[in-house]
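One file, data-v3.txt, carrying compact mmCIF, C-alpha atoms:
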```
# COMPACT_ATOMS: atom_id res chain seq x y z
CA MET P 1 136.74 -24.68 -40.01
CA MET P 2 138.68 -21.50 -39.31
CA GLU P 3 142.43 -21.58 -38.77
CA THR P 4 143.86 -20.50 -35.43
CA HIS P 5 146.55 -18.28 -36.99
CA ARG P 6 146.83 -16.24 -40.15
CA GLU P 7 149.84 -16.36 -42.43
CA ASP P 8 151.14 -13.13 -40.89
CA GLY P 9 151.20 -14.80 -37.49
CA MET P 10 148.31 -12.80 -36.09
CA GLN P 11 145.59 -14.69 -34.25
CA ALA P 12 142.63 -15.54 -36.45
CA GLY P 13 139.21 -14.18 -35.67
CA ILE P 14 135.55 -14.80 -36.41
CA ARG P 15 133.47 -12.65 -38.75
CA CYS P 16 130.84 -10.85 -36.70
CA MET P 17 128.27 -8.11 -37.08
CA LEU P 18 127.12 -6.13 -34.04
CA MET P 19 123.50 -5.10 -34.37
CA ARG P 20 120.83 -3.43 -32.33
CA GLY P 21 117.64 -5.41 -32.55
CA GLY P 22 114.70 -3.64 -30.92
CA THR P 23 115.81 -2.66 -27.42
CA SER P 24 118.60 -5.24 -27.27
CA LYS P 25 122.06 -5.46 -28.78
CA GLY P 26 123.96 -8.54 -29.83
CA ALA P 27 126.66 -10.21 -31.89
CA TYR P 28 125.39 -11.87 -35.09
CA PHE P 29 127.24 -14.79 -36.66
CA LEU P 30 126.79 -17.16 -39.56
CA ALA P 31 126.54 -20.72 -38.23
CA SER P 32 129.15 -21.75 -40.81
CA ASP P 33 131.71 -19.48 -39.10
CA LEU P 34 131.31 -21.19 -35.70
CA PRO P 35 132.22 -24.64 -34.36
CA VAL P 36 129.59 -27.34 -34.80
CA GLY P 37 129.87 -28.85 -31.31
CA THR P 38 127.92 -27.14 -28.53
CA ALA P 39 130.77 -27.16 -25.98
CA ALA P 40 133.29 -25.67 -28.41
CA ARG P 41 130.75 -23.13 -29.67
CA ASP P 42 129.82 -21.99 -26.17
CA ARG P 43 133.45 -21.69 -25.10
CA LEU P 44 134.08 -19.48 -28.12
CA LEU P 45 131.01 -17.28 -27.51
CA LEU P 46 131.89 -16.77 -23.85
CA SER P 47 135.37 -15.64 -24.85
CA LEU P 48 134.11 -13.35 -27.60
CA LEU P 49 131.63 -11.60 -25.28
CA GLY P 50 134.06 -11.46 -22.35
CA SER P 51 132.18 -13.71 -19.93
CA PRO P 52 132.24 -14.41 -17.06
CA ASP P 53 133.02 -10.89 -15.88
CA PRO P 54 130.58 -8.29 -14.51
CA ARG P 55 132.00 -5.66 -16.87
CA GLN P 56 132.73 -8.00 -19.80
CA ILE P 57 135.76 -5.75 -20.19
CA ASP P 58 137.67 -8.28 -22.30
CA GLY P 59 134.94 -8.90 -24.87
CA LEU P 60 132.08 -7.54 -26.93
CA GLY P 61 129.37 -7.81 -24.27
CA GLY P 62 127.83 -4.72 -22.75
CA ALA P 63 127.80 -5.82 -19.08
CA HIS P 64 124.02 -6.33 -19.07
CA PRO P 65 121.71 -9.20 -20.12
CA LEU P 66 120.16 -6.98 -22.82
CA THR P 67 123.56 -6.45 -24.45
CA SER P 68 125.03 -9.91 -23.90
CA LYS P 69 123.18 -11.74 -26.65
CA VAL P 70 124.11 -13.73 -29.75
CA ALA P 71 122.31 -14.62 -32.97
CA ILE P 72 123.51 -17.60 -34.99
CA VAL P 73 122.02 -17.58 -38.48
CA SER P 74 121.94 -20.17 -41.26
CA PRO P 75 119.82 -21.19 -44.27
CA ALA P 76 116.61 -22.86 -43.08
CA ALA P 77 116.44 -26.63 -42.86
CA ASP P 78 112.67 -26.39 -43.42
CA PRO P 79 111.81 -25.42 -47.02
CA ALA P 80 108.79 -23.49 -45.69
CA CYS P 81 111.18 -20.99 -44.09
CA ASP P 82 114.09 -18.89 -45.34
CA ILE P 83 116.35 -18.67 -42.31
CA ASP P 84 117.12 -20.58 -39.14
CA PHE P 85 118.03 -18.47 -36.09
CA LEU P 86 119.51 -19.81 -32.87
CA PHE P 87 119.33 -17.34 -30.01
CA CYS P 88 121.97 -17.50 -27.27
CA GLN P 89 121.64 -15.59 -24.00
CA VAL P 90 125.22 -15.32 -22.78
CA GLY P 91 125.71 -14.94 -19.05
CA VAL P 92 127.45 -11.76 -17.97
CA ASP P 93 129.14 -12.83 -14.74
CA LYS P 94 128.52 -16.57 -15.16
CA PRO P 95 129.96 -18.93 -17.81
CA VAL P 96 126.52 -19.81 -19.18
CA VAL P 97 125.16 -19.86 -22.74
CA ASP P 98 121.42 -20.45 -22.54
CA THR P 99 119.53 -21.47 -25.68
CA THR P 100 116.22 -22.14 -23.90
CA PRO P 101 114.38 -18.86 -24.56
CA ASN P 102 113.33 -16.84 -27.58
CA CYS P 103 114.34 -13.22 -28.09
CA GLY P 104 112.06 -11.15 -30.27
CA ASN P 105 114.32 -8.10 -30.12
CA ILE P 106 117.37 -9.91 -31.46
CA LEU P 107 115.03 -11.62 -33.95
CA ALA P 108 114.29 -8.19 -35.44
CA GLY P 109 117.89 -7.97 -36.64
CA VAL P 110 117.99 -11.45 -38.18
CA ALA P 111 116.27 -10.55 -41.46
CA PRO P 112 118.50 -7.56 -42.29
CA PHE P 113 121.57 -9.55 -41.24
CA ALA P 114 120.57 -12.45 -43.50
CA ILE P 115 120.13 -10.06 -46.42
CA GLU P 116 123.45 -8.34 -45.70
CA ARG P 117 125.22 -11.73 -45.66
CA GLY P 118 123.59 -12.85 -48.91
CA LEU P 119 121.46 -15.63 -47.43
CA VAL P 120 118.28 -13.95 -48.71
CA ALA P 121 117.93 -12.01 -51.95
CA ALA P 122 116.57 -8.51 -51.41
CA ARG P 123 113.61 -7.18 -53.38
CA ASP P 124 112.49 -3.66 -54.14
CA PRO P 125 110.97 -1.94 -52.14
CA GLU P 126 110.71 -4.44 -49.28
CA THR P 127 111.73 -8.00 -48.51
CA ARG P 128 109.83 -10.59 -46.50
CA VAL P 129 111.88 -13.16 -44.64
CA ARG P 130 110.38 -16.15 -42.88
CA VAL P 131 112.52 -17.03 -39.86
CA ARG P 132 112.39 -20.14 -37.71
CA THR P 133 113.75 -19.71 -34.19
CA VAL P 134 115.60 -22.98 -33.63
CA ASN P 135 115.34 -22.73 -29.83
CA THR P 136 111.57 -23.16 -29.82
CA GLY P 137 110.42 -23.81 -33.40
CA THR P 138 108.60 -20.47 -33.47
CA VAL P 139 108.14 -19.11 -36.99
CA ALA P 140 107.86 -15.40 -37.74
CA GLU P 141 107.57 -13.42 -40.93
CA LEU P 142 109.67 -10.26 -40.92
CA THR P 143 109.33 -7.44 -43.43
CA VAL P 144 112.37 -5.24 -44.04
CA ARG P 145 112.65 -2.10 -46.16
CA THR P 146 115.01 -2.76 -49.08
CA PRO P 147 114.65 0.07 -51.63
CA GLY P 148 116.71 -0.64 -54.71
CA GLY P 149 117.44 -4.12 -53.37
CA ARG P 150 119.52 -2.95 -50.39
CA VAL P 151 118.74 -2.85 -46.69
CA THR P 152 118.06 0.61 -45.35
CA TYR P 153 118.21 1.35 -41.64
CA ALA P 154 117.08 4.97 -41.94
CA GLY P 155 113.44 5.71 -41.25
CA ASP P 156 110.96 7.61 -39.14
CA VAL P 157 109.79 4.86 -36.76
CA ARG P 158 110.45 5.44 -33.08
CA ILE P 159 110.25 2.74 -30.41
CA ASP P 160 110.48 3.49 -26.72
CA GLY P 161 113.80 2.50 -25.21
CA VAL P 162 115.80 3.42 -28.33
CA PRO P 163 116.96 6.97 -29.12
CA GLY P 164 116.15 8.46 -32.50
CA THR P 165 114.27 6.82 -35.36
CA ALA P 166 114.92 4.01 -37.83
CA ALA P 167 113.32 1.98 -40.58
CA PRO P 168 110.50 -0.33 -39.47
CA VAL P 169 110.83 -4.08 -39.16
CA THR P 170 107.39 -5.67 -38.90
CA VAL P 171 107.22 -9.00 -37.11
CA ASP P 172 104.27 -11.36 -37.39
CA PHE P 173 104.42 -14.52 -35.28
CA LEU P 174 102.79 -17.54 -36.86
CA ASN P 175 102.96 -20.20 -34.12
CA ALA P 176 104.29 -18.72 -30.89
CA ALA P 177 101.77 -20.24 -28.45
CA GLY P 178 103.38 -22.84 -26.21
CA SER P 179 106.73 -22.60 -27.98
CA VAL P 180 108.75 -23.26 -24.81
CA CYS P 181 106.27 -24.81 -22.35
CA GLY P 182 104.34 -26.94 -24.86
CA ALA P 183 101.03 -25.10 -24.39
CA LEU P 184 99.80 -21.53 -24.10
CA LEU P 185 98.65 -22.37 -20.55
CA PRO P 186 100.86 -25.25 -19.41
CA THR P 187 98.64 -25.97 -16.40
CA GLY P 188 95.47 -25.55 -18.45
CA ASN P 189 94.31 -22.77 -16.11
CA PRO P 190 94.12 -19.01 -16.64
CA VAL P 191 94.83 -18.58 -12.92
CA ASP P 192 96.93 -20.70 -10.54
CA THR P 193 97.99 -20.16 -6.97
CA VAL P 194 101.78 -20.30 -6.84
CA ALA P 195 103.74 -19.83 -3.62
CA GLY P 196 100.69 -18.12 -2.13
CA VAL P 197 99.87 -15.67 -4.95
CA GLU P 198 97.48 -15.83 -7.88
CA ALA P 199 99.26 -15.83 -11.22
CA THR P 200 98.83 -16.71 -14.87
CA LEU P 201 101.47 -19.16 -16.06
CA ILE P 202 101.56 -18.51 -19.78
CA ASP P 203 103.75 -18.96 -22.87
CA ASN P 204 102.93 -17.12 -26.10
CA GLY P 205 106.55 -17.09 -27.23
CA MET P 206 108.07 -16.54 -23.77
CA PRO P 207 107.28 -18.32 -20.50
CA VAL P 208 106.01 -15.59 -18.18
CA ILE P 209 104.50 -15.55 -14.70
CA VAL P 210 101.97 -12.72 -14.76
CA LEU P 211 100.80 -11.47 -11.37
CA ALA P 212 99.35 -8.29 -9.92
CA ALA P 213 102.00 -6.01 -8.46
CA SER P 214 99.75 -5.62 -5.43
CA ALA P 215 100.06 -9.36 -4.76
CA VAL P 216 103.68 -8.79 -3.72
CA GLY P 217 103.03 -5.48 -1.97
CA ARG P 218 104.06 -3.13 -4.75
CA THR P 219 102.17 -0.61 -6.88
CA GLY P 220 103.66 -1.59 -10.24
CA TYR P 221 104.61 2.03 -10.87
CA GLU P 222 107.93 2.02 -9.00
CA PRO P 223 111.00 3.25 -10.93
CA ARG P 224 113.05 0.47 -12.44
CA ASP P 225 116.15 1.32 -10.33
CA ALA P 226 114.13 1.14 -7.12
CA LEU P 227 112.87 -2.33 -8.02
CA ASP P 228 116.37 -3.43 -9.01
CA GLN P 229 117.60 -2.53 -5.51
CA ASP P 230 114.63 -4.16 -3.75
CA THR P 231 116.30 -7.32 -2.46
CA GLY P 232 113.22 -8.38 -0.50
CA LEU P 233 111.05 -8.24 -3.62
CA LYS P 234 113.62 -10.11 -5.69
CA ALA P 235 113.80 -12.91 -3.11
CA ARG P 236 110.01 -13.22 -3.12
CA LEU P 237 109.84 -13.25 -6.92
CA GLU P 238 112.53 -15.94 -7.09
CA GLU P 239 110.51 -18.05 -4.62
CA ILE P 240 107.48 -17.73 -6.91
CA ARG P 241 109.57 -18.42 -10.02
CA ARG P 242 111.09 -21.61 -8.65
CA ALA P 243 107.68 -22.86 -7.57
CA ALA P 244 106.24 -22.13 -11.02
CA GLY P 245 109.02 -23.83 -12.98
CA PRO P 246 107.79 -27.43 -12.66
CA LEU P 247 104.18 -26.32 -13.23
CA MET P 248 105.27 -24.77 -16.54
CA ASN P 249 107.06 -27.92 -17.69
CA LEU P 250 110.40 -26.19 -17.18
CA GLY P 251 111.67 -28.28 -14.26
CA ASP P 252 114.18 -26.73 -11.87
CA VAL P 253 114.60 -23.14 -13.09
CA ALA P 254 117.16 -21.99 -10.51
CA GLY P 255 119.84 -21.77 -13.20
CA LYS P 256 117.59 -20.77 -16.12
CA VAL P 257 116.59 -17.39 -17.53
CA VAL P 258 112.98 -18.53 -17.92
CA PRO P 259 110.31 -18.08 -16.81
CA LYS P 260 110.33 -14.29 -16.70
CA ILE P 261 108.04 -12.44 -14.28
CA ALA P 262 105.71 -9.56 -15.11
CA LEU P 263 104.09 -7.45 -12.43
CA VAL P 264 100.95 -5.80 -13.79
CA ALA P 265 98.91 -2.80 -12.66
CA PRO P 266 96.18 -0.58 -14.12
CA PRO P 267 97.48 1.67 -16.92
CA GLN P 268 98.94 4.97 -15.86
CA ALA P 269 99.64 6.75 -19.16
CA GLY P 270 96.65 5.99 -21.35
CA GLY P 271 97.74 2.50 -22.36
CA SER P 272 96.22 -0.94 -21.83
CA LEU P 273 98.08 -1.90 -18.66
CA CYS P 274 101.29 -1.09 -16.80
CA THR P 275 104.13 -3.60 -16.40
CA ARG P 276 107.36 -4.13 -14.54
CA SER P 277 109.19 -7.08 -16.09
CA PHE P 278 111.95 -9.13 -14.45
CA ILE P 279 114.35 -11.01 -16.78
CA PRO P 280 114.39 -12.83 -14.35
CA HIS P 281 116.69 -11.29 -11.74
CA GLU P 282 116.90 -7.73 -13.04
CA CYS P 283 114.06 -5.34 -13.71
CA HIS P 284 113.86 -4.70 -17.45
CA ALA P 285 114.29 -1.08 -18.58
CA SER P 286 111.32 -1.72 -20.89
CA ILE P 287 109.87 -5.15 -21.71
CA GLY P 288 110.98 -7.91 -24.06
CA VAL P 289 109.17 -8.59 -27.33
CA PHE P 290 107.86 -12.05 -26.49
CA ALA P 291 107.14 -11.01 -22.90
CA ALA P 292 105.01 -8.14 -24.22
CA VAL P 293 103.15 -10.48 -26.58
CA THR P 294 102.60 -12.97 -23.77
CA VAL P 295 101.41 -10.35 -21.27
CA ALA P 296 99.02 -8.89 -23.86
CA THR P 297 97.66 -12.39 -24.42
CA ALA P 298 97.08 -12.79 -20.68
CA CYS P 299 94.87 -9.70 -20.80
CA VAL P 300 92.17 -11.54 -22.77
CA LEU P 301 92.01 -14.52 -20.40
CA PRO P 302 88.87 -14.16 -18.23
CA GLY P 303 89.65 -13.79 -14.53
CA SER P 304 93.41 -13.52 -14.93
CA PRO P 305 95.40 -10.95 -12.92
CA ALA P 306 96.14 -9.06 -16.16
CA ALA P 307 92.50 -9.05 -17.29
CA ARG P 308 91.44 -7.60 -13.93
CA VAL P 309 93.55 -4.46 -14.37
CA ALA P 310 93.78 -4.05 -18.16
CA ARG P 311 91.78 -1.89 -20.51
CA VAL P 312 91.02 -4.45 -23.20
CA PRO P 313 90.12 -3.04 -26.64
CA ASP P 314 86.90 -4.14 -28.28
CA GLY P 315 86.75 -6.19 -31.45
CA ARG P 316 88.53 -9.19 -32.87
CA ASP P 317 91.70 -7.30 -33.81
CA LYS P 318 93.08 -5.72 -30.67
CA SER P 319 95.97 -3.30 -30.21
CA PHE P 320 97.45 -3.37 -26.72
CA SER P 321 99.69 -0.58 -25.48
CA ILE P 322 101.88 -2.22 -22.84
CA GLU P 323 103.31 0.44 -20.55
CA HIS P 324 106.80 -0.13 -19.14
CA PRO P 325 109.39 1.96 -17.23
CA THR P 326 110.64 3.86 -20.30
CA GLY P 327 107.50 4.14 -22.42
CA GLU P 328 105.15 1.71 -24.14
CA PHE P 329 105.19 -1.31 -26.44
CA THR P 330 102.33 -1.89 -28.87
CA VAL P 331 101.24 -5.46 -29.59
CA ARG P 332 98.62 -6.42 -32.19
CA ILE P 333 96.58 -9.56 -31.45
CA ALA P 334 93.79 -11.23 -33.40
CA VAL P 335 91.46 -13.05 -31.01
CA GLY P 336 88.99 -15.73 -32.08
CA GLY P 337 86.97 -18.28 -30.13
CA THR P 338 84.57 -17.01 -27.52
CA ALA P 339 84.83 -14.56 -24.63
CA GLU P 340 84.93 -17.52 -22.24
CA ARG P 341 87.45 -19.50 -24.32
CA PRO P 342 89.47 -17.06 -26.43
CA VAL P 343 91.83 -18.32 -29.13
CA ILE P 344 94.87 -16.26 -30.14
CA GLU P 345 95.02 -16.48 -33.93
CA ARG P 346 97.84 -14.04 -34.66
CA ALA P 347 100.26 -11.76 -32.85
CA GLY P 348 102.37 -9.03 -34.40
CA LEU P 349 104.40 -5.97 -33.56
CA LEU P 350 106.71 -3.31 -34.90
CA ARG P 351 110.44 -3.14 -34.17
CA THR P 352 113.50 -1.45 -35.63
CA ALA P 353 117.07 -2.69 -36.08
CA ARG P 354 120.40 -1.20 -37.06
CA ALA P 355 123.79 -2.56 -38.07
CA LEU P 356 126.43 -1.09 -35.75
CA PHE P 357 129.67 -2.77 -36.82
CA ASP P 358 130.83 -5.43 -39.24
CA GLY P 359 134.25 -6.98 -38.95
CA ILE P 360 136.38 -9.58 -37.20
CA ALA P 361 136.00 -10.47 -33.53
CA PHE P 362 138.99 -11.95 -31.72
CA PRO P 363 138.53 -14.54 -28.95
CA HIS P 364 141.26 -15.82 -26.69
CA GLU P 365 143.43 -18.30 -28.56
CA THR P 366 142.49 -21.02 -26.08
CA ALA P 367 138.83 -20.63 -27.08
CA LEU P 368 139.49 -21.26 -30.78
CA PRO P 369 138.88 -24.82 -31.99
CA ALA P 370 141.93 -26.80 -33.00
CA ALA P 371 142.95 -26.40 -36.64
```

Here is a file; write its structure as structure tokens.
Amino acid sequence: MMETHREDGMQAGIRCMLMRGGTSKGAYFLASDLPVGTAARDRLLLSLLGSPDPRQIDGLGGAHPLTSKVAIVSPAADPACDIDFLFCQVGVDKPVVDTTPNCGNILAGVAPFAIERGLVAARDPETRVRVRTVNTGTVAELTVRTPGGRVTYAGDVRIDGVPGTAAPVTVDFLNAAGSVCGALLPTGNPVDTVAGVEATLIDNGMPVIVLAASAVGRTGYEPRDALDQDTGLKARLEEIRRAAGPLMNLGDVAGKVVPKIALVAPPQAGGSLCTRSFIPHECHASIGVFAAVTVATACVLPGSPAARVARVPDGRDKSFSIEHPTGEFTVRIAVGGTAERPVIERAGLLRTARALFDGIAFPHETALPAA
């Protein structure tokens, strides 16, 4: 365990790497550098990120859910995997550390971080890392460019929501269906009526309530800022979300960040369908990784709100372009079974990641565990 003071009298800190993963940003830690107990760990993380405070002015957080995230990484307990990854969504203005959901964006940074920290040996020209997300048991295989046995972040891949280009990180999910709710469709139905609207309650890596934007009186093409200021819409969506929670095996979700909500509409820019995603109380500037995978999955369910408005590609291997407020997100899905009873066999996507800072983060002394 770390000491609370160094020999020079200065407060001790925790080794930390700040990374952008996909369209999110977070603090990455080795599990061995953090307290073992949940209460002590959470107290430390809240202090390090500066929560609760709307600006997170006294910590590393970026004053937004997409930049108030933590990855805790360790060698895998399962010999079939390389790395274990615990995702923590740290509340911005509330003292909450939620380990219920997945985060596919932060996941994209786990493989390069593990290589940088020496948990995985790099190969030339690329390294595959099998990662188990501890929160849900989801396993993904990530491929990182490592020419000469070193991680490179430079590349020509561009993803919407991130300026510039970077090296690709391919992510293939091996068992995402039902990872949080226990089943792809926790009610067993492709369509349910929830709080007076038709919706698909679905979990292919992220619990999402998928409903037509028109069902709540919106087009689905509104600017993100307009939706963020729409208090009437947010109240209605929260009513739907709380009603859906027990149906999705999530219980009372009033204090949880899942399920998310995705409003869907016909595509507007040549994609497969248009989305406005709520996470859950703010409109996402784009769409989360697992939310995109889950919404794309909903598109192949006969009769679902997504299927009614989506342009679904032909063939077994389908590429869905999910439109969002700042661009698009491409999801690859392999679909088996029959048209009436489709089976999702594989889901994959392309992300990028970049190391931003590596050093020592300093919490408040009161948040450090006793020596």

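Taking CA of Val191 (chain P) and CA of Ser286 (chain P) as endpoints, the distance between them is 24.9 Å.
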
Excluding Leu86 (chain P) and residues on its chain fewer than 3 positions from it, collect all residues at most 7 Å away from it, counting only C-alpha atoms, and give them as a compact mmCIF listing (two decimals) with C-alpha atoms, keeping the file's coordinate frame.
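Result file follows (out17.txt):
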```
# COMPACT_ATOMS: atom_id res chain seq x y z
CA ALA P 71 122.31 -14.62 -32.97
CA ILE P 72 123.51 -17.60 -34.99
CA VAL P 73 122.02 -17.58 -38.48
CA THR P 133 113.75 -19.71 -34.19
CA VAL P 134 115.60 -22.98 -33.63
CA ASN P 135 115.34 -22.73 -29.83
```

query: Near region 196-199 of chain P, within 6 Å and counting all atoms listed in the file, which residues show up once chain neighbours fewer than 3 positions away are dropped, as a PyMOL selection string?
result: chain P and resi 191-193+210-211

Generate a file of the selected residues that holds C-alpha atoms, formatted as a short mmCIF file (atom, residue, chain, number, x, y, z; two decimals), in the frame of the given file.
```cif
data_model
loop_
_atom_site.label_atom_id
_atom_site.label_comp_id
_atom_site.auth_asym_id
_atom_site.auth_seq_id
_atom_site.Cartn_x
_atom_site.Cartn_y
_atom_site.Cartn_z
CA VAL P 191 94.83 -18.58 -12.92
CA ASP P 192 96.93 -20.70 -10.54
CA THR P 193 97.99 -20.16 -6.97
CA VAL P 210 101.97 -12.72 -14.76
CA LEU P 211 100.80 -11.47 -11.37
#
```

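Neighbouring residues of Pro54 (chain P) at 12 Å or closer, counting only C-alpha atoms and skipping chain neighbours under 5 positions away, are Leu49, Gly59, Gly61, Gly62, Ala63, His64, Pro65, Ser68, Gly91, Val92, Asp93, Lys94 and Pro95 of chain P.
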
Find the residues of region 84-132 of chain P that sit at most 6 Å from region 139-143 of chain P; for each, write down the nearest two atoms and how far apart they are in Å, to one decimal. Count all atoms listed in the file. Sort by chain, then by number going up, and give it as a tab-separated table.
```
residue	atom	partner	partner_atom	distance
P:Thr127	CA	P:Thr143	CA	5.6
P:Arg128	CA	P:Thr143	CA	4.4
P:Val129	CA	P:Leu142	CA	5.2
P:Arg130	CA	P:Glu141	CA	4.4
P:Val131	CA	P:Ala140	CA	5.4
P:Arg132	CA	P:Val139	CA	4.4
```

query: For Cys283 (chain P), which of P:Gly13, P:Gly336, P:Pro325, P:Pro168 is the closest residue, counting only C-alpha atoms?
result: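 Of P:Gly13, P:Gly336, P:Pro325, P:Pro168, the one nearest Cys283 (chain P) is P:Pro325, counting only C-alpha atoms.
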
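The two atoms in question, CA of Pro186 (chain P) and CA of Gly288 (chain P), are spaced 20.6 Å apart.
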
- request: Find the residues around region 270-276 of chain P up to 8 Å (all atoms listed in the file counted), leave out those fewer than 4 positions away in its own chain, and share them as a ChimeraX atom specification.
  value: /P:220-221,224,262-266,283-284,286-287,306,309-312,320-325,328

- request: Within 10 Å of Lys234 (chain P), counting all atoms listed in the file, which residues show up once you throw out same-chain ones fewer than 6 positions away? Write them as a PyMOL selection string, please.
  value: chain P and resi 227-228+240+278+280-283

- request: Determine, counting all atoms listed in the file, every residue of protein, DNA or RNA that lies within 9 Å of (109.3, -3.7, -31.4) in the file coordinates, then give the result as number ranges by chain.
  value: P: 21-23, 104-105, 108, 159-160, 168-171, 288-289, 329-331, 349-352

- line: re CA of Ser304 (chain P) and CA of Val194 (chain P): distance 13.5 Å

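With distances restricted to only C-alpha atoms, P:Arg354 is the closest residue to Gly164 (chain P) from P:Pro147, P:Leu368, P:Pro35, P:Arg354.
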
With 9 Å as the threshold, what does the neighbourhood of (129.3, -6.7, -36.4) contain in terms of residues, counting all atoms listed in the file? Coordinates are those of the file; answer as a tab-separated table (two decimals) with C-alpha atoms, keeping the file's coordinate frame.
```tsv
chain	number	residue	atom	x	y	z
P	15	ARG	CA	133.47	-12.65	-38.75
P	16	CYS	CA	130.84	-10.85	-36.70
P	17	MET	CA	128.27	-8.11	-37.08
P	18	LEU	CA	127.12	-6.13	-34.04
P	19	MET	CA	123.50	-5.10	-34.37
P	26	GLY	CA	123.96	-8.54	-29.83
P	27	ALA	CA	126.66	-10.21	-31.89
P	28	TYR	CA	125.39	-11.87	-35.09
P	29	PHE	CA	127.24	-14.79	-36.66
P	355	ALA	CA	123.79	-2.56	-38.07
P	356	LEU	CA	126.43	-1.09	-35.75
P	357	PHE	CA	129.67	-2.77	-36.82
P	358	ASP	CA	130.83	-5.43	-39.24
P	359	GLY	CA	134.25	-6.98	-38.95
P	360	ILE	CA	136.38	-9.58	-37.20
P	361	ALA	CA	136.00	-10.47	-33.53
```

query: Taking all atoms listed in the file into account, which of P:Gln229, P:Ser214, P:Thr219, P:Asn102 comes nearest Gly178 (chain P)?
result: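 Once distances to Gly178 (chain P) are computed over all atoms listed in the file, the minimum belongs to P:Asn102.
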
task: Would you mind telling me which residue in P:Arg145, P:Arg158, P:Lys69, P:Lys318 lies nearest to Gly50 (chain P) when using all atoms listed in the file?
output: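 Closest to Gly50 (chain P), using all atoms listed in the file: P:Lys69.
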
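Proximity ranking of P:Ala76, P:Leu46, P:Ala285, P:Val144 relative to Val162 (chain P) places P:Ala285 first, based on only C-alpha atoms.
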